[in-house]
Each structure stands twice: as structure tokens, then as C-alpha cells.
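Written out below as C-alpha cells is the structure these notes cover.
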Amino acid sequence: MNRMNRINLEILIQILIELFLSALILVGLQNGRLNLFVHPKFNTILAISAIILLAIAVFSVSKLFKPRHMNNLCRYFIVIIPLMMVFYMSKDLVVAMLSTSQSSSVIKTESKAGSTSVSSGINRTEKIKRTIYKKERGKDYIDITDVKYMKWYYDSILDWKRYKGTKFRLLCCVLDDKQNNGDFAVIGRMGMLCCMADLQTCGFIYEGKDLHNLKRGQWYIVEGEIKENNYREYNYERLPIIFNVKFTKADEPKDKFVYIQ
């Protein structure tokens, strides 16, 4: 009992916070949920941070039974709110956030001579070295894997003319199926540059014959040609148009997002 009375409550709270944050990071890395908010390229740094927090907690144990005359516990209440919010960060919340970000009014606009529409996402990635993508031997399409999807998208979005008559093959999700009174759907992927805050639509407008068979959340292997779009807007951006499309149903991938690699 005397030993319990000698416990330094300030150090105890520090250790509990460090252990909690370390466990939170490691579990989030293990189950992949952390990458709903942070780009996978930061996983190594996060793992190192978790280990450092764990080490600090272990080394702090030696101070646990060195009581202070006065414990200053008030400052630790500052972290209660963000720690409690962690318990509400679920997959359902992420889906709700995505649904909200994807839903917006669509505006038909007239093409103005000499005008160019460039999205904020393009502005942030326009310094990336552009790559010319080519067909592999024996294929009549350019295969776009998840690893190269987002870079390919921004490499090509300003100049689809150079791929005129060329088919692409890629895994897509129906991101929106109810735009503009059913005149078109949006298919593609949600792309992440760094974290959840910059998640954006990396997709295409589809106006083909199978339009009314598409439902939000369906996944397909898509083969089709892509061209520039001068007359439709989605979320205030002129997404490219995909046409001559062949749809093959596919399973949802383990990671629904694509990244700048």
C-alpha cells in the first residue's frame, strides 16, 4: 500500500499515453486501417515512431516510484479529446466521408476557345516527370496496374491526344452513378497524394450504352479509349471521357485507394 502511495501519477499517465499511442499505431499498421488516413510510404516512419514511444515508456518505468511533491496533471487533459476521437475513427466514417466528397452538382458548360481547365490535384503534381506509356508485347492495350495508376493519370491527363486510338486496361470502381439526370457515370479510383485530407477523384466520365447497369461501388476491369473532355464538369473538374468500353466484373481490391508511388 505504501508503495502504491509513492507512485508518481504524472509519470504513470505519460507511460499509459505512450503505450496507448504505440499500440494504436502498430495495430493500425497491422490491419491496414491506418492507410485510410496516411499514405503507405510513411508506414516505416510510423513503425519506428511506435517503437520509440514504446522505448520511452519502458525507460520511464524507473521514474515511476520517484514521487514529486506536487503532480501537475492538468496538462494531460489536453490530449483526452484527440485520444477519445480515435475510438470513433472507423471504416464506416471513412466511407461516409468519401460519399460526401464525391456527391456534388454537375454543371454542363460551353467550351471556351483557348481556355484550359486544370484541377487542384494537377497543380500539385504537375512537376512530376511525365512518362510515355506503351503496350507490352502481345497486348492490344496498355495495362495500368494499381501501382502506376495515379502517376499515369496525372502524366496523361493534360494530353490524351497522344494516346488517340489506344486502349487502356485498368481496375475501376463506379464512383458515382447518378450524375446529371443519369446522362453519365463516373468510374475510376480515389487517389491519395499524402493523407486522407487530399483524397481526390482520379476517374473518367462514361456515357456509353451500359450506363444504366452501373451502380455505385461496383468494381470492374475496364478496357477502353480515353479522350479529353471539353463540356462536362464533375466536382468542378473536367474529368477525361472513357469510351469504347468493355466491362468485366471484378472483386474489390484489398486497398481501394491508389497513390503516387
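Chain labels A, B, ... are given in the sequence in which chains occur in the C-alpha cells; within each chain residues are numbered consecutively from 1, and ligands are likewise numbered from 1 in the order shown.
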
Problem - Contacts of Val38 (chain A) within 7 Å, only C-alpha atoms, excl. fewer than 5 positions in-chain, as number ranges by chain - result: A: 194-196

Practice task
Please provide the set of residues having any atom within 7 Å of region 135-143 of chain A, restricted to only C-alpha atoms, with same-chain residues fewer than 4 positions apart removed, written as a PyMOL selection string.
Solution key: chain A and resi 166-170

Export of prior selection with C-alpha atoms as a tab-separated table (two decimals), in the first residue's frame:
```
chain	number	residue	atom	x	y	z
A	166	THR	CA	-5.04	3.38	-77.87
A	167	LYS	CA	-6.87	1.21	-75.35
A	168	PHE	CA	-6.07	1.09	-71.65
A	169	ARG	CA	-6.87	-1.71	-69.22
A	170	LEU	CA	-7.38	-0.83	-65.56
```

Exercise for the section: Please indicate the distance in Å from CA of Phe37 (chain A) to CA of Val258 (chain A), rounded to one decimal place. Expected result: 12.6 Å

Exercise for the section: Tell me which protein, DNA and RNA residues are within 10 Å of Lys209 (chain A), counting only C-alpha atoms, leaving out same-chain ones fewer than 3 positions away, and put them as a PyMOL selection string. Expected result: chain A and resi 206+212-213+243-245

Same residues, N, CA, C and O atoms, output as a compact mmCIF listing (two decimals), in the first residue's frame:
```
# COMPACT_ATOMS: atom_id res chain seq x y z
N TYR A 206 -18.22 8.42 -68.09
CA TYR A 206 -18.65 7.37 -69.01
C TYR A 206 -20.09 7.64 -69.44
O TYR A 206 -20.98 7.85 -68.61
N HIS A 212 -26.77 2.58 -67.57
CA HIS A 212 -27.81 2.35 -66.58
C HIS A 212 -27.66 1.03 -65.83
O HIS A 212 -28.42 0.75 -64.90
N ASN A 213 -26.68 0.21 -66.23
CA ASN A 213 -26.40 -1.02 -65.50
C ASN A 213 -25.37 -0.81 -64.39
O ASN A 213 -25.11 -1.71 -63.59
N PHE A 243 -14.37 5.82 -73.47
CA PHE A 243 -15.36 5.35 -74.44
C PHE A 243 -14.87 4.05 -75.08
O PHE A 243 -13.75 3.61 -74.84
N ASN A 244 -15.76 3.44 -75.90
CA ASN A 244 -15.47 2.12 -76.46
C ASN A 244 -15.06 1.16 -75.35
O ASN A 244 -14.04 0.46 -75.44
N VAL A 245 -15.88 1.13 -74.31
CA VAL A 245 -15.50 0.44 -73.07
C VAL A 245 -16.03 -0.99 -73.03
O VAL A 245 -17.17 -1.26 -73.41
```

Problem - Contact residues around Leu19 (chain A) with only C-alpha atoms at 10 Å, ignoring same-chain residues under 6 positions, as a VMD selection string - result: chain A and resid 13 50 to 51 53 to 58

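Compared by their closest atoms to Asn230 (chain A), and using only C-alpha atoms, the residues A:Ile15, A:Leu158, A:Gly165, A:Lys246 rank with A:Leu158 nearest.
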
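CA of Leu16 (chain A) lies 19.9 Å from CA of Leu29 (chain A).
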
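With only C-alpha atoms as the atoms that count, the minimum distance from Asp146 (chain A) to the choices A:Arg6, A:Arg238, A:Lys249, A:Arg189 is reached by A:Arg189.
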
Practice task
May I have all residues of region 110-236 of chain A that DSSP, computed from the backbone, assigns to strand (DSSP E or B), given as a PyMOL selection string?
Solution key: chain A and resi 141-144+167-179+184-192+195+200-206+219-227+232+234

Selected residues written out with C-alpha atoms, as an mmCIF file, in the first residue's frame:
```cif
data_model
loop_
_atom_site.group_PDB
_atom_site.id
_atom_site.type_symbol
_atom_site.label_atom_id
_atom_site.label_comp_id
_atom_site.auth_asym_id
_atom_site.auth_seq_id
_atom_site.Cartn_x
_atom_site.Cartn_y
_atom_site.Cartn_z
ATOM 1 C CA TYR A 141 -3.883 -2.347 -74.723
ATOM 2 C CA ILE A 142 -1.702 -0.548 -72.179
ATOM 3 C CA ASP A 143 -2.025 -2.303 -68.827
ATOM 4 C CA ILE A 144 -2.314 0.150 -65.924
ATOM 5 C CA LYS A 167 -6.870 1.206 -75.351
ATOM 6 C CA PHE A 168 -6.072 1.093 -71.654
ATOM 7 C CA ARG A 169 -6.869 -1.710 -69.217
ATOM 8 C CA LEU A 170 -7.376 -0.832 -65.560
ATOM 9 C CA LEU A 171 -9.281 -1.736 -62.412
ATOM 10 C CA CYS A 172 -12.079 0.777 -61.751
ATOM 11 C CA CYS A 173 -14.882 1.390 -59.306
ATOM 12 C CA VAL A 174 -18.167 3.146 -60.072
ATOM 13 C CA LEU A 175 -17.659 6.311 -58.027
ATOM 14 C CA ASP A 176 -20.920 7.986 -58.986
ATOM 15 C CA ASP A 177 -23.862 6.647 -60.971
ATOM 16 C CA LYS A 178 -26.457 9.402 -60.518
ATOM 17 C CA GLN A 179 -24.970 12.496 -62.078
ATOM 18 C CA PHE A 184 -23.275 9.824 -67.401
ATOM 19 C CA ALA A 185 -21.465 7.953 -64.626
ATOM 20 C CA VAL A 186 -18.038 8.472 -63.095
ATOM 21 C CA ILE A 187 -15.699 5.480 -62.928
ATOM 22 C CA GLY A 188 -12.102 5.303 -61.742
ATOM 23 C CA ARG A 189 -10.247 5.351 -58.420
ATOM 24 C CA MET A 190 -9.831 7.602 -55.404
ATOM 25 C CA GLY A 191 -6.223 8.786 -55.227
ATOM 26 C CA MET A 192 -4.161 9.870 -52.237
ATOM 27 C CA CYS A 195 -3.075 11.661 -46.472
ATOM 28 C CA GLN A 200 -9.356 13.054 -54.821
ATOM 29 C CA THR A 201 -11.194 11.556 -57.778
ATOM 30 C CA CYS A 202 -8.859 10.095 -60.413
ATOM 31 C CA GLY A 203 -11.510 8.909 -62.803
ATOM 32 C CA PHE A 204 -13.413 9.242 -66.035
ATOM 33 C CA ILE A 205 -16.822 10.234 -67.310
ATOM 34 C CA TYR A 206 -18.652 7.370 -69.013
ATOM 35 C CA TRP A 219 -15.776 -2.938 -59.432
ATOM 36 C CA TYR A 220 -14.761 -3.746 -63.000
ATOM 37 C CA ILE A 221 -11.737 -4.496 -65.115
ATOM 38 C CA VAL A 222 -12.222 -1.802 -67.758
ATOM 39 C CA GLU A 223 -10.783 -1.698 -71.276
ATOM 40 C CA GLY A 224 -11.363 1.466 -73.246
ATOM 41 C CA GLU A 225 -10.056 4.539 -75.028
ATOM 42 C CA ILE A 226 -9.716 7.925 -73.344
ATOM 43 C CA LYS A 227 -10.121 11.450 -74.679
ATOM 44 C CA ARG A 232 -18.840 18.276 -68.762
ATOM 45 C CA TYR A 234 -17.842 16.824 -62.149
#
```

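CA of Asp183 (chain A) is positioned 21.5 Å from CA of Thr248 (chain A).
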
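Comparing the minimum interatomic distances between Glu252 (chain A) and each of A:Lys134, A:Asp155, A:Leu239, A:Gln218, counting only C-alpha atoms, we find that A:Gln218 sits nearest.
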